[in-house]
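Listing of final-v1.cif; format and content: mmCIF, C-alpha atoms.
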```cif
data_start
loop_
_atom_site.label_atom_id
_atom_site.label_comp_id
_atom_site.auth_asym_id
_atom_site.auth_seq_id
_atom_site.Cartn_x
_atom_site.Cartn_y
_atom_site.Cartn_z
CA MET A 1 -42.44 59.20 -113.20
CA CYS A 2 -42.31 62.50 -111.35
CA ILE A 3 -39.23 62.72 -109.18
CA VAL A 4 -39.35 65.18 -106.29
CA VAL A 5 -35.82 66.18 -105.37
CA PRO A 6 -35.43 67.44 -101.78
CA MET A 7 -34.26 71.07 -101.88
CA SER A 8 -31.02 70.44 -100.03
CA LEU A 9 -30.11 67.12 -101.65
CA GLY A 10 -27.60 68.78 -103.98
CA GLN A 11 -25.75 70.51 -101.13
CA THR A 12 -25.85 67.32 -99.04
CA PHE A 13 -24.22 65.40 -101.91
CA LEU A 14 -21.62 68.13 -102.25
CA GLY A 15 -20.89 67.91 -98.52
CA LEU A 16 -20.47 64.14 -98.78
CA LEU A 17 -18.17 64.56 -101.78
CA GLU A 18 -15.83 66.88 -99.86
CA SER A 19 -14.13 63.90 -98.24
CA GLY A 20 -13.32 62.37 -101.67
CA PRO A 21 -14.77 61.35 -105.05
CA ARG A 22 -17.65 58.82 -105.04
CA HIS A 23 -19.90 56.92 -107.41
CA GLY A 24 -23.64 57.67 -107.53
CA TYR A 25 -24.45 54.36 -105.86
CA ASP A 26 -22.01 55.06 -103.05
CA LEU A 27 -23.54 58.52 -102.51
CA LYS A 28 -27.04 57.06 -102.31
CA ARG A 29 -25.96 54.42 -99.81
CA THR A 30 -24.16 56.94 -97.58
CA TYR A 31 -27.09 59.38 -97.77
CA ASP A 32 -29.61 56.64 -96.87
CA ASP A 33 -27.45 55.47 -93.94
CA ARG A 34 -26.99 58.93 -92.47
CA PHE A 35 -30.08 60.91 -93.42
CA GLY A 36 -32.57 58.66 -95.19
CA ASN A 37 -34.26 57.39 -92.03
CA THR A 38 -37.45 55.80 -93.36
CA LYS A 39 -37.24 57.37 -96.84
CA PRO A 40 -34.37 56.00 -98.93
CA LEU A 41 -33.54 57.90 -102.13
CA HIS A 42 -34.64 56.70 -105.54
CA TYR A 43 -31.86 56.20 -108.06
CA GLY A 44 -33.71 58.68 -110.30
CA GLN A 45 -33.28 61.37 -107.63
CA VAL A 46 -29.58 60.57 -107.28
CA TYR A 47 -28.74 60.79 -110.97
CA ALA A 48 -31.01 63.81 -111.62
CA THR A 49 -29.23 65.66 -108.80
CA LEU A 50 -25.75 64.67 -109.98
CA SER A 51 -26.41 65.79 -113.56
CA ARG A 52 -27.68 69.14 -112.28
CA LEU A 53 -24.56 69.58 -110.13
CA LEU A 54 -22.42 68.63 -113.15
CA LYS A 55 -24.22 71.14 -115.39
CA ASP A 56 -23.76 73.88 -112.75
CA GLY A 57 -20.03 73.16 -112.47
CA LEU A 58 -20.29 72.18 -108.80
CA VAL A 59 -19.01 68.63 -109.47
CA GLU A 60 -16.87 67.17 -112.25
CA LEU A 61 -16.30 63.68 -113.57
CA ASP A 62 -13.33 62.19 -111.78
CA ALA A 63 -13.30 58.90 -113.64
CA VAL A 64 -15.46 56.84 -115.98
CA GLU A 65 -15.01 53.13 -115.51
CA PRO A 66 -16.37 50.64 -118.01
CA GLY A 67 -18.43 47.85 -116.49
CA GLU A 68 -20.61 44.97 -117.60
CA GLY A 69 -23.66 47.24 -117.61
CA PRO A 70 -23.60 51.01 -118.07
CA GLU A 71 -20.37 52.93 -117.45
CA ARG A 72 -19.71 53.79 -113.81
CA LYS A 73 -19.04 57.47 -113.26
CA ARG A 74 -17.15 58.81 -110.30
CA TYR A 75 -17.85 62.38 -109.24
CA ALA A 76 -15.57 64.90 -107.51
CA ILE A 77 -16.48 68.25 -105.96
CA THR A 78 -15.12 71.42 -107.61
CA SER A 79 -13.94 74.55 -105.77
CA ALA A 80 -17.26 76.19 -106.78
CA GLY A 81 -18.97 73.22 -105.12
CA VAL A 82 -17.03 73.78 -101.88
CA THR A 83 -18.05 77.46 -101.93
CA ASP A 84 -21.68 76.40 -102.42
CA VAL A 85 -21.54 74.08 -99.36
CA ASP A 86 -19.97 76.92 -97.32
CA ARG A 87 -22.74 79.30 -98.34
CA TRP A 88 -25.48 76.75 -97.61
CA LEU A 89 -24.16 75.79 -94.16
CA GLY A 90 -23.79 79.47 -93.26
CA THR A 91 -27.38 80.34 -94.23
CA PRO A 92 -30.03 79.83 -91.53
CA GLU A 93 -33.09 77.76 -92.41
CA LYS A 94 -36.32 79.71 -92.54
CA PRO A 95 -38.37 78.86 -89.42
CA GLU A 96 -41.69 77.20 -90.23
CA PRO A 97 -44.52 79.59 -89.36
CA TYR A 98 -47.06 76.74 -88.90
CA LEU A 99 -49.94 79.13 -89.56
CA GLN A 100 -51.95 76.83 -91.82
CA ASN A 101 -53.14 74.43 -89.19
CA THR A 102 -55.68 71.67 -89.85
CA LEU A 103 -56.14 71.12 -86.13
CA TYR A 104 -57.11 74.73 -85.54
CA THR A 105 -59.59 74.51 -88.42
CA LYS A 106 -61.11 71.35 -86.94
CA VAL A 107 -61.46 72.93 -83.48
CA VAL A 108 -63.19 76.03 -84.87
CA LEU A 109 -65.53 73.90 -87.00
CA ALA A 110 -66.37 71.69 -84.02
CA VAL A 111 -67.21 74.78 -81.95
CA LEU A 112 -69.23 76.33 -84.78
CA THR A 113 -71.27 73.19 -85.35
CA GLY A 114 -71.83 72.50 -81.65
CA ARG A 115 -69.72 69.33 -81.57
CA PRO A 116 -67.61 68.50 -78.48
CA ALA A 117 -64.34 70.25 -79.32
CA ALA A 118 -62.79 69.12 -76.01
CA ASP A 119 -63.17 65.49 -77.10
CA LEU A 120 -61.54 66.24 -80.43
CA LEU A 121 -58.58 67.79 -78.61
CA ASP A 122 -58.33 64.86 -76.19
CA VAL A 123 -58.36 62.30 -79.00
CA GLN A 124 -55.59 64.23 -80.73
CA ARG A 125 -53.66 64.49 -77.48
CA ALA A 126 -53.77 60.72 -76.97
CA GLU A 127 -52.60 60.17 -80.56
CA HIS A 128 -49.71 62.59 -80.12
CA LEU A 129 -48.65 60.97 -76.88
CA ARG A 130 -48.85 57.51 -78.46
CA LEU A 131 -46.37 58.61 -81.11
CA MET A 132 -44.18 60.29 -78.47
CA ARG A 133 -44.00 56.99 -76.58
CA GLU A 134 -43.03 55.15 -79.73
CA LEU A 135 -40.24 57.66 -80.45
CA THR A 136 -39.09 57.56 -76.81
CA ARG A 137 -38.76 53.76 -77.11
CA ARG A 138 -36.85 54.17 -80.37
CA LYS A 139 -34.43 56.48 -78.55
CA ALA A 140 -33.41 53.66 -76.19
CA THR A 141 -30.36 52.90 -78.31
CA ASP A 142 -26.70 53.84 -78.32
CA ASP A 143 -27.09 55.33 -81.78
CA LEU A 144 -26.71 59.09 -81.24
CA ALA A 145 -27.97 59.93 -84.75
CA GLU A 146 -31.19 58.01 -84.06
CA GLN A 147 -31.56 59.77 -80.69
CA LEU A 148 -31.14 63.24 -82.22
CA ILE A 149 -33.60 62.54 -85.04
CA CYS A 150 -36.19 61.24 -82.53
CA ASP A 151 -35.56 64.23 -80.23
CA HIS A 152 -36.23 66.64 -83.09
CA ALA A 153 -39.60 64.97 -83.71
CA LEU A 154 -40.35 64.76 -79.96
CA PHE A 155 -39.79 68.48 -79.38
CA HIS A 156 -42.16 69.32 -82.26
CA LEU A 157 -44.81 66.94 -80.94
CA GLU A 158 -44.39 68.45 -77.48
CA ALA A 159 -45.03 71.91 -78.93
CA ASP A 160 -48.24 70.59 -80.51
CA LEU A 161 -49.28 69.05 -77.19
CA ARG A 162 -48.74 72.31 -75.35
CA TRP A 163 -50.92 74.03 -77.94
CA LEU A 164 -53.60 71.34 -77.43
CA GLU A 165 -53.50 71.95 -73.66
CA LEU A 166 -53.70 75.71 -74.04
CA THR A 167 -56.58 75.46 -76.51
CA THR A 168 -58.46 73.04 -74.24
CA ALA A 169 -58.15 75.60 -71.44
CA ARG A 170 -59.47 78.37 -73.72
CA LEU A 171 -62.35 76.55 -75.43
CA ASP A 172 -65.10 78.51 -73.67
CA GLU A 173 -63.47 81.77 -74.66
CA LEU A 174 -63.08 80.53 -78.25
CA ALA A 175 -66.71 79.40 -78.39
CA ALA A 176 -67.89 82.83 -77.21
CA ARG A 177 -65.80 84.57 -79.89
CA VAL A 178 -66.61 82.38 -82.89
CA ARG A 179 -70.33 82.31 -82.16
CA SER A 180 -70.64 86.05 -81.65
CA MET B 1 -52.83 47.27 -67.83
CA THR B 2 -53.26 43.50 -67.56
CA GLY B 3 -54.11 41.40 -64.46
CA SER B 4 -55.20 42.75 -61.09
CA PRO B 5 -54.28 46.32 -60.31
CA LEU B 6 -51.73 46.92 -57.60
CA LEU B 7 -52.98 50.34 -56.63
CA VAL B 8 -56.57 51.53 -57.02
CA ALA B 9 -58.10 54.89 -56.23
CA ALA B 10 -61.88 55.10 -56.42
CA ASP B 11 -63.87 58.33 -56.54
CA LEU B 12 -61.47 60.36 -54.39
CA ARG B 13 -62.60 63.69 -52.99
CA LYS B 14 -60.40 66.10 -51.11
CA SER B 15 -60.83 69.76 -50.27
CA TYR B 16 -58.45 72.25 -48.75
CA GLY B 17 -60.84 74.71 -47.10
CA PRO B 18 -63.58 75.63 -49.56
CA THR B 19 -61.44 74.66 -52.57
CA PRO B 20 -61.92 71.13 -53.92
CA ALA B 21 -58.58 69.66 -55.03
CA LEU B 22 -60.05 66.29 -55.99
CA ASP B 23 -63.64 65.93 -57.09
CA GLY B 24 -64.17 62.30 -58.01
CA ALA B 25 -60.73 61.10 -59.14
CA SER B 26 -60.23 57.42 -59.96
CA LEU B 27 -57.18 55.54 -61.14
CA ALA B 28 -55.80 51.99 -61.30
CA VAL B 29 -52.13 51.12 -61.64
CA GLY B 30 -50.97 47.63 -62.56
CA PRO B 31 -47.81 45.91 -61.30
CA GLY B 32 -44.80 47.29 -63.18
CA GLU B 33 -46.88 49.83 -65.05
CA VAL B 34 -45.59 53.37 -65.63
CA VAL B 35 -48.53 55.81 -65.47
CA ALA B 36 -48.17 59.53 -66.15
CA ILE B 37 -50.58 61.88 -64.38
CA MET B 38 -50.82 65.11 -66.32
CA GLY B 39 -52.94 68.22 -66.15
CA PRO B 40 -52.79 71.99 -65.73
CA SER B 41 -51.33 73.60 -62.60
CA GLY B 42 -53.76 73.37 -59.70
CA SER B 43 -55.78 70.58 -61.34
CA GLY B 44 -55.20 68.24 -58.39
CA LYS B 45 -52.54 65.93 -59.80
CA SER B 46 -50.13 66.26 -56.85
CA THR B 47 -53.01 65.80 -54.37
CA LEU B 48 -53.95 62.64 -56.26
CA LEU B 49 -50.39 61.35 -55.99
CA HIS B 50 -50.29 62.16 -52.26
CA CYS B 51 -53.58 60.31 -51.69
CA LEU B 52 -52.34 57.29 -53.68
CA ALA B 53 -49.18 57.21 -51.57
CA GLY B 54 -51.07 57.47 -48.28
CA ILE B 55 -49.48 60.83 -47.45
CA VAL B 56 -52.84 62.62 -47.59
CA VAL B 57 -56.09 61.02 -46.44
CA PRO B 58 -58.99 61.78 -48.83
CA ASP B 59 -62.27 63.21 -47.46
CA ALA B 60 -64.20 60.56 -49.40
CA GLY B 61 -63.44 57.62 -51.66
CA GLU B 62 -60.78 55.01 -51.02
CA VAL B 63 -57.30 53.91 -52.03
CA ARG B 64 -56.36 50.24 -52.03
CA TYR B 65 -52.83 48.89 -52.28
CA ASP B 66 -52.63 45.18 -53.06
CA GLY B 67 -56.26 44.85 -51.93
CA GLN B 68 -55.71 46.61 -48.60
CA LYS B 69 -57.58 49.82 -47.86
CA LEU B 70 -55.03 52.51 -46.95
CA SER B 71 -57.42 54.63 -44.89
CA GLY B 72 -58.33 51.62 -42.74
CA MET B 73 -54.70 51.07 -41.70
CA PRO B 74 -53.23 52.36 -38.44
CA ASP B 75 -50.74 55.24 -38.99
CA ALA B 76 -47.77 53.01 -38.11
CA ALA B 77 -48.77 50.40 -40.69
CA ARG B 78 -49.23 53.06 -43.34
CA SER B 79 -45.81 54.53 -42.52
CA ALA B 80 -44.24 51.09 -42.74
CA LEU B 81 -45.88 50.57 -46.13
CA ARG B 82 -44.45 53.88 -47.35
CA ARG B 83 -40.98 52.93 -46.11
CA THR B 84 -40.86 49.41 -47.52
CA ARG B 85 -43.20 49.17 -50.50
CA PHE B 86 -43.20 52.73 -51.82
CA GLY B 87 -40.36 54.91 -53.08
CA PHE B 88 -40.52 58.67 -53.57
CA VAL B 89 -38.82 61.13 -55.90
CA PHE B 90 -39.72 64.82 -55.68
CA GLN B 91 -38.95 67.83 -57.87
CA PHE B 92 -36.10 68.87 -55.62
CA GLY B 93 -34.28 65.75 -54.44
CA GLN B 94 -34.94 66.50 -50.76
CA LEU B 95 -31.75 64.80 -49.75
CA VAL B 96 -30.46 65.27 -46.20
CA PRO B 97 -27.75 67.96 -46.62
CA GLU B 98 -25.59 66.76 -43.69
CA LEU B 99 -25.27 63.20 -45.01
CA THR B 100 -23.12 62.05 -47.94
CA CYS B 101 -24.88 60.79 -51.06
CA VAL B 102 -24.25 57.14 -50.18
CA GLU B 103 -25.56 57.74 -46.64
CA ASN B 104 -28.66 59.40 -48.11
CA VAL B 105 -29.35 56.41 -50.32
CA ALA B 106 -28.69 54.00 -47.44
CA LEU B 107 -31.08 55.89 -45.15
CA PRO B 108 -34.30 53.98 -46.00
CA LEU B 109 -32.43 50.70 -45.34
CA ARG B 110 -31.02 51.99 -42.05
CA LEU B 111 -34.59 52.88 -40.98
CA GLU B 112 -35.41 49.21 -41.60
CA ARG B 113 -32.49 48.28 -39.29
CA VAL B 114 -30.23 46.97 -42.06
CA PRO B 115 -26.64 47.12 -40.67
CA ARG B 116 -24.65 50.15 -41.84
CA ARG B 117 -22.07 48.29 -43.95
CA GLU B 118 -24.67 46.23 -45.76
CA ALA B 119 -26.94 49.27 -46.27
CA GLU B 120 -24.09 51.33 -47.72
CA ARG B 121 -22.94 48.47 -49.94
CA ARG B 122 -26.42 48.22 -51.46
CA ALA B 123 -26.66 52.01 -51.68
CA ALA B 124 -23.34 52.16 -53.56
CA GLU B 125 -24.63 49.57 -56.06
CA TRP B 126 -27.67 51.74 -56.74
CA LEU B 127 -25.52 54.84 -57.14
CA ASP B 128 -23.46 52.97 -59.75
CA ARG B 129 -26.60 51.87 -61.53
CA LEU B 130 -27.83 55.46 -61.67
CA GLU B 131 -24.40 56.49 -63.06
CA VAL B 132 -23.48 58.59 -60.01
CA GLY B 133 -21.12 56.18 -58.25
CA ASP B 134 -18.42 58.86 -58.29
CA VAL B 135 -20.36 61.21 -55.97
CA ALA B 136 -20.94 58.60 -53.21
CA GLY B 137 -18.74 60.42 -50.69
CA LYS B 138 -19.93 63.94 -51.51
CA ARG B 139 -22.66 65.88 -49.74
CA PRO B 140 -25.76 66.93 -51.76
CA GLY B 141 -24.60 70.56 -51.80
CA GLU B 142 -21.44 69.50 -53.65
CA VAL B 143 -23.15 67.77 -56.61
CA SER B 144 -25.04 69.14 -59.64
CA GLY B 145 -28.85 69.22 -59.87
CA GLY B 146 -28.91 66.30 -62.29
CA GLN B 147 -26.58 64.20 -60.12
CA GLY B 148 -28.61 65.03 -56.99
CA GLN B 149 -31.80 63.91 -58.68
CA ARG B 150 -30.21 60.61 -59.72
CA VAL B 151 -29.10 60.14 -56.10
CA ALA B 152 -32.74 60.72 -55.10
CA VAL B 153 -33.86 58.09 -57.62
CA ALA B 154 -31.32 55.64 -56.16
CA ARG B 155 -32.72 56.34 -52.68
CA ALA B 156 -36.27 55.72 -53.95
CA LEU B 157 -35.28 52.35 -55.44
CA VAL B 158 -32.87 51.01 -52.82
CA THR B 159 -35.61 49.20 -50.89
CA THR B 160 -36.85 47.64 -54.21
CA PRO B 161 -40.31 49.15 -53.73
CA ARG B 162 -43.33 47.96 -55.67
CA VAL B 163 -44.44 51.50 -56.48
CA VAL B 164 -42.30 54.58 -57.10
CA PHE B 165 -44.12 57.91 -56.79
CA ALA B 166 -42.38 60.66 -58.74
CA ASP B 167 -43.72 64.21 -58.48
CA GLU B 168 -42.25 66.37 -61.26
CA PRO B 169 -38.93 64.50 -60.99
CA THR B 170 -37.38 66.49 -63.85
CA GLY B 171 -39.04 69.83 -63.08
CA ALA B 172 -35.83 71.50 -61.95
CA LEU B 173 -33.57 69.99 -64.63
CA ASP B 174 -32.60 70.96 -68.18
CA SER B 175 -33.71 68.73 -71.07
CA LEU B 176 -30.58 66.58 -71.23
CA ASN B 177 -30.43 65.87 -67.49
CA GLY B 178 -34.20 65.39 -67.34
CA GLU B 179 -34.04 62.78 -70.09
CA ARG B 180 -31.21 60.98 -68.31
CA VAL B 181 -33.15 60.83 -65.04
CA MET B 182 -36.25 59.48 -66.81
CA ARG B 183 -34.29 56.94 -68.84
CA LEU B 184 -32.54 55.60 -65.73
CA LEU B 185 -35.63 55.75 -63.50
CA THR B 186 -37.89 53.87 -65.92
CA ALA B 187 -35.18 51.34 -66.86
CA ALA B 188 -34.48 50.56 -63.19
CA ALA B 189 -38.20 50.33 -62.39
CA ARG B 190 -38.75 47.94 -65.29
CA ASP B 191 -35.80 45.80 -64.19
CA THR B 192 -37.13 45.50 -60.64
CA GLY B 193 -40.82 45.24 -61.66
CA ALA B 194 -41.76 48.43 -59.78
CA ALA B 195 -44.75 50.45 -60.96
CA VAL B 196 -44.18 54.18 -61.39
CA VAL B 197 -46.78 56.87 -60.76
CA LEU B 198 -45.39 59.95 -62.41
CA VAL B 199 -46.78 63.47 -62.06
CA THR B 200 -45.48 65.74 -64.79
CA HIS B 201 -46.51 68.67 -66.93
CA GLU B 202 -43.85 67.85 -69.54
CA PRO B 203 -45.16 65.78 -72.47
CA ARG B 204 -41.66 64.47 -73.29
CA VAL B 205 -41.38 63.09 -69.75
CA ALA B 206 -44.80 61.47 -70.15
CA GLY B 207 -43.36 59.84 -73.27
CA TYR B 208 -41.58 57.42 -70.91
CA SER B 209 -44.89 56.16 -69.52
CA ASP B 210 -47.10 53.30 -70.64
CA ARG B 211 -50.29 55.28 -70.15
CA GLU B 212 -51.44 58.81 -69.43
CA VAL B 213 -54.21 59.96 -67.11
CA VAL B 214 -55.27 63.60 -67.31
CA VAL B 215 -56.58 65.44 -64.24
CA ARG B 216 -58.81 68.44 -64.87
CA ASP B 217 -60.69 70.27 -62.10
CA GLY B 218 -60.03 67.40 -59.70
CA ARG B 219 -61.44 64.71 -61.99
CA THR B 220 -59.48 62.10 -63.88
CA ARG B 221 -59.78 61.27 -67.52
CA ASP B 222 -58.08 58.18 -68.89
CA LEU B 223 -57.77 59.26 -72.50
CA GLU B 224 -56.37 56.09 -73.96
CA ARG B 225 -59.05 53.90 -72.45
CA ALA B 226 -61.74 56.21 -73.73
CA LEU B 227 -60.61 55.66 -77.32
#
```
Is it possible to express this structure as C-alpha cells?
Amino acid sequence: MCIVVPMSLGQTFLGLLESGPRHGYDLKRTYDDRFGNTKPLHYGQVYATLSRLLKDGLVELDAVEPGEGPERKRYAITSAGVTDVDRWLGTPEKPEPYLQNTLYTKVVLAVLTGRPAADLLDVQRAEHLRLMRELTRRKATDDLAEQLICDHALFHLEADLRWLELTTARLDELAARVRS
Amino acid sequence: MTGSPLLVAADLRKSYGPTPALDGASLAVGPGEVVAIMGPSGSGKSTLLHCLAGIVVPDAGEVRYDGQKLSGMPDAARSALRRTRFGFVFQFGQLVPELTCVENVALPLRLERVPRREAERRAAEWLDRLEVGDVAGKRPGEVSGGQGQRVAVARALVTTPRVVFADEPTGALDSLNGERVMRLLTAAARDTGAAVVLVTHEPRVAGYSDREVVVRDGRTRDLERAL
C-alpha cells in the first residue's frame, strides 16, 4: 500500500510531543481530533512518520512497554526536535499561485467551441454557493476550531466566486480575444 | 420554496430617466425563506428590493404581498404594511441620532401607539437577543459600527414582521462583525418565521441564505431553479 505522508505531519507530531511523551496511538487520536477533520490518519502514516523522526534524531524512545500484542513504544521530543518545530513555525507557507485552473480552461474551451460560457459560469456559481451554505450551516456551533476551518474554506470559495463574477462580466472581451 | 409564496414580483420594469434599472425582473419569496439578491453594482438589485418593499412603484409589472397587489393599495395602507409587516435594515443603520438605542428600537412600536413602557420593554428584549443589551441607554454616535447595525436589526424585528428587507446590511462592517450581524439576523428571522430578502455583493453573506437570485442588467436569474 502506498502511504502518502502529509508534508507537515512530522512537525505537527513534534509540536504535539512538546507537551509530553506520547504513544503512537495517542498521537493519532489527538491529531485526528484537532486537525483530521474528515480525513483521519492511517496507522501506517503514524508509524512511518515516527520512525523517520526517530532516525533523524528529532524524537527518542521514552519507554517501551510490553503488552499482549506488540510492544507499546512511547516517544519523546529531543532538543533537535524542538528546534525543528521552532524553524517550521517561523517559516511562512508558500502562497498557492492557483495558476493551473481547470475552470479557466473550461471557459476558454466553451468560448472557442461556441458553447454558452455564461451558463457554465452560472452552474459553477450555484455549486460554489451551495457548498458555501453548507459550510455556513456547519459554522453554527460553539466549536471555534470548526468555525475557523469552515471560514478558511469559505474565504477561498468566496475568492473563486469573485473570479466567476469578474469573468462573467468580461466574457465578450474574452471571446473577442480568443477568437481573433 | 414550498407552499404559496408570501411575496411575488412579476415582470417588473422601472426606469430612472432613460436608464432602465429593472427590465423584466421576477421573484417569489416563501414564508420564512431567506433569499439573497446578488449581482454587479448598478444591476438593479436595490431597485428590485425597493419595489418588493413598496418603497418604489414599478413602471410596469406587479408586486403582491400575501395575495394583495401593492400598487393597487392606497398610500396609507402601503405605509401601514411597511410599518407592521415589513422590517428594514440598511447598509448604514439609519438610526435616529438624538434617540438612545432602546428608543430607536422602540420607535416602530411607538408609531403603532404601543405605550412607551411596553414598547421599551420589548425593545430591550430585542437588544438583549441581538447581544447589544449593554448599549440600550447610549446614543447611536456612542456605539461601534457593528453594535449600531445590531441595534438596527433589533429595530427591524421588534414588530415581528413577516418580511425583513436587508440592503447590504454588512457592507460597512469588517468580516467578524458582518458575520455576527448575519448570524443573529438569520437566527432571529428563523425563530420568528420572518422571510428575509437580502441584497448583498458578498458571497459569504449570501452563504446565510436558502437561495440566491442573480440580477444582471435589470433581469433576474434564479440559478438554483435553473439547474
Mind running chain B against chain A at 10 Å and telling me each contacting residue's nearest atom pair with the distance in Å (one decimal), counting all atoms listed in the file, chain and number ascending, as JSON lines?
```
{"residue": "B:Gly39", "atom": "CA", "partner": "A:Glu165", "partner_atom": "CA", "distance": 8.4}
{"residue": "B:Pro40", "atom": "CA", "partner": "A:Glu165", "partner_atom": "CA", "distance": 8.0}
{"residue": "B:Glu179", "atom": "CA", "partner": "A:Thr136", "partner_atom": "CA", "distance": 9.9}
{"residue": "B:Arg183", "atom": "CA", "partner": "A:Ala140", "partner_atom": "CA", "distance": 8.1}
{"residue": "B:Ala187", "atom": "CA", "partner": "A:Ala140", "partner_atom": "CA", "distance": 9.8}
{"residue": "B:His201", "atom": "CA", "partner": "A:Arg162", "partner_atom": "CA", "distance": 9.4}
{"residue": "B:Glu202", "atom": "CA", "partner": "A:Glu158", "partner_atom": "CA", "distance": 8.0}
{"residue": "B:Pro203", "atom": "CA", "partner": "A:Glu158", "partner_atom": "CA", "distance": 5.7}
{"residue": "B:Arg204", "atom": "CA", "partner": "A:Glu158", "partner_atom": "CA", "distance": 6.4}
{"residue": "B:Val205", "atom": "CA", "partner": "A:Thr136", "partner_atom": "CA", "distance": 9.3}
{"residue": "B:Ala206", "atom": "CA", "partner": "A:Leu129", "partner_atom": "CA", "distance": 7.8}
{"residue": "B:Gly207", "atom": "CA", "partner": "A:Arg133", "partner_atom": "CA", "distance": 4.4}
{"residue": "B:Tyr208", "atom": "CA", "partner": "A:Arg133", "partner_atom": "CA", "distance": 6.2}
{"residue": "B:Ser209", "atom": "CA", "partner": "A:Arg133", "partner_atom": "CA", "distance": 7.2}
{"residue": "B:Asp210", "atom": "CA", "partner": "A:Arg133", "partner_atom": "CA", "distance": 7.6}
{"residue": "B:Arg211", "atom": "CA", "partner": "A:Arg130", "partner_atom": "CA", "distance": 8.7}
{"residue": "B:Glu212", "atom": "CA", "partner": "A:Ala126", "partner_atom": "CA", "distance": 8.1}
{"residue": "B:Val213", "atom": "CA", "partner": "A:Ala126", "partner_atom": "CA", "distance": 9.9}
{"residue": "B:Val214", "atom": "CA", "partner": "A:Asp122", "partner_atom": "CA", "distance": 9.5}
{"residue": "B:Arg216", "atom": "CA", "partner": "A:Ala169", "partner_atom": "CA", "distance": 9.7}
{"residue": "B:Arg221", "atom": "CA", "partner": "A:Asp122", "partner_atom": "CA", "distance": 9.5}
{"residue": "B:Asp222", "atom": "CA", "partner": "A:Ala126", "partner_atom": "CA", "distance": 9.5}
{"residue": "B:Leu223", "atom": "CA", "partner": "A:Ala126", "partner_atom": "CA", "distance": 6.2}
{"residue": "B:Glu224", "atom": "CA", "partner": "A:Ala126", "partner_atom": "CA", "distance": 6.1}
{"residue": "B:Arg225", "atom": "CA", "partner": "A:Ala126", "partner_atom": "CA", "distance": 9.7}
{"residue": "B:Ala226", "atom": "CA", "partner": "A:Val123", "partner_atom": "CA", "distance": 8.7}
{"residue": "B:Leu227", "atom": "CA", "partner": "A:Val123", "partner_atom": "CA", "distance": 7.2}
```
Exercise. Using the chain letters and numbering of this document, enumerate as a VMD selection string the residues selected by the PyMOL selection byres ((chain B and resi 74-89) around 10).
Key: chain B and resid 53 to 55 65 70 to 73 90 to 94 108 to 109 111 to 112 149 to 170 185 194 to 198
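At a cut-off of 6 Å from (-14.3, 62.3, -106.9), the residue set is Gly20, Pro21, Arg22, Asp62, Arg74, Tyr75 and Ala76 of chain A (counting all atoms listed in the file).
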Exercise. Spell out the residues picked by the PyMOL selection byres ((chain B and resi 14) around 8) here, as a PyMOL selection string.
Key: chain B and resi 12-13+15-16+20-23+58-60
Would you be able to write out as a short mmCIF file (atom, residue, chain, number, x, y, z; two decimals) with C-alpha atoms, in the coordinates of the input which residues have an atom within 8 Å of (-25.1, 56.5, -48.3) in the file's coordinates, counting all atoms listed in the file?
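Output contents, as saved in point-v9.cif:
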```
data_model
loop_
_atom_site.label_atom_id
_atom_site.label_comp_id
_atom_site.auth_asym_id
_atom_site.auth_seq_id
_atom_site.Cartn_x
_atom_site.Cartn_y
_atom_site.Cartn_z
CA LEU B 99 -25.27 63.20 -45.01
CA THR B 100 -23.12 62.05 -47.94
CA CYS B 101 -24.88 60.79 -51.06
CA VAL B 102 -24.25 57.14 -50.18
CA GLU B 103 -25.56 57.74 -46.64
CA ASN B 104 -28.66 59.40 -48.11
CA VAL B 105 -29.35 56.41 -50.32
CA ALA B 106 -28.69 54.00 -47.44
CA LEU B 107 -31.08 55.89 -45.15
CA ALA B 119 -26.94 49.27 -46.27
CA GLU B 120 -24.09 51.33 -47.72
CA ALA B 123 -26.66 52.01 -51.68
CA ALA B 124 -23.34 52.16 -53.56
CA ALA B 136 -20.94 58.60 -53.21
CA GLY B 137 -18.74 60.42 -50.69
#
```
Self-check item: d(atom CA of B:Glu62, atom CA of B:Gly32) in Å
Solution: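 Computed distance, atom CA of B:Glu62 to atom CA of B:Gly32, equals 21.5 Å.
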Quiz item: Written as a VMD selection string, which residues does the PyMOL selection byres ((chain A and resi 146) around 12) give for the file shown?
Solution: chain A and resid 33 to 38 135 to 145 147 to 153
Practice problem: Mind checking which residues fall within 6 Å of A:Val85, counting all atoms listed in the file, ignoring those fewer than 3 positions away in the same chain, and posting them as a PyMOL selection string? | Solution: chain A and resi 11+82+88
Keeping only C-alpha atoms, write the selected residues as an mmCIF file, in the frame of the given file.
```cif
data_model
loop_
_atom_site.group_PDB
_atom_site.id
_atom_site.type_symbol
_atom_site.label_atom_id
_atom_site.label_comp_id
_atom_site.auth_asym_id
_atom_site.auth_seq_id
_atom_site.Cartn_x
_atom_site.Cartn_y
_atom_site.Cartn_z
ATOM 1 C CA GLN A 11 -25.750 70.510 -101.130
ATOM 2 C CA VAL A 82 -17.030 73.780 -101.880
ATOM 3 C CA TRP A 88 -25.480 76.750 -97.610
#
```
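The residue set within 7 Å of A:Ile77, counting all atoms listed in the file and dropping same-chain residues fewer than 6 places from it, reads A:Leu14, A:Leu17, A:Glu18, A:Leu58, A:Val59, A:Glu60.
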Practice problem: Give me, please, the distance in Å between atom CA of A:Arg72 and atom CA of A:Gly44, quoted to one decimal. | Solution: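 Going from atom CA of A:Arg72 over to atom CA of A:Gly44 covers 15.2 Å.
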Practice problem: Could you tell me how far atom CA of A:Asp32 lies from atom CA of A:Pro95, in Å and to one decimal? | Solution: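 Distance reported for this atom pair: 25.0 Å.
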Quiz prompt | Nearest-residue call for A:Asn101, choices A:Phe13, A:Tyr31, A:Trp163, A:Tyr25, using all atoms listed in the file | solution = A:Trp163
Practice problem: For A:Val46, please output as an NGL selection string all residues within 7 Å (counting only C-alpha atoms; exclusion window: fewer than 4 positions along the same chain). | Solution: :A and (24 or 28 or 42 or 50)
Go ahead and fit an axis-aligned box to every listed atom of stretch 134-146 of chain A plus 6 Å each side, and pass me the centre and edge lengths in Å, one decimal, as AutoDock Vina command-line options.
```
--center_x -34.9 --center_y 56.4 --center_z -80.5 --size_x 28.3 --size_y 19.0 --size_z 20.6
```
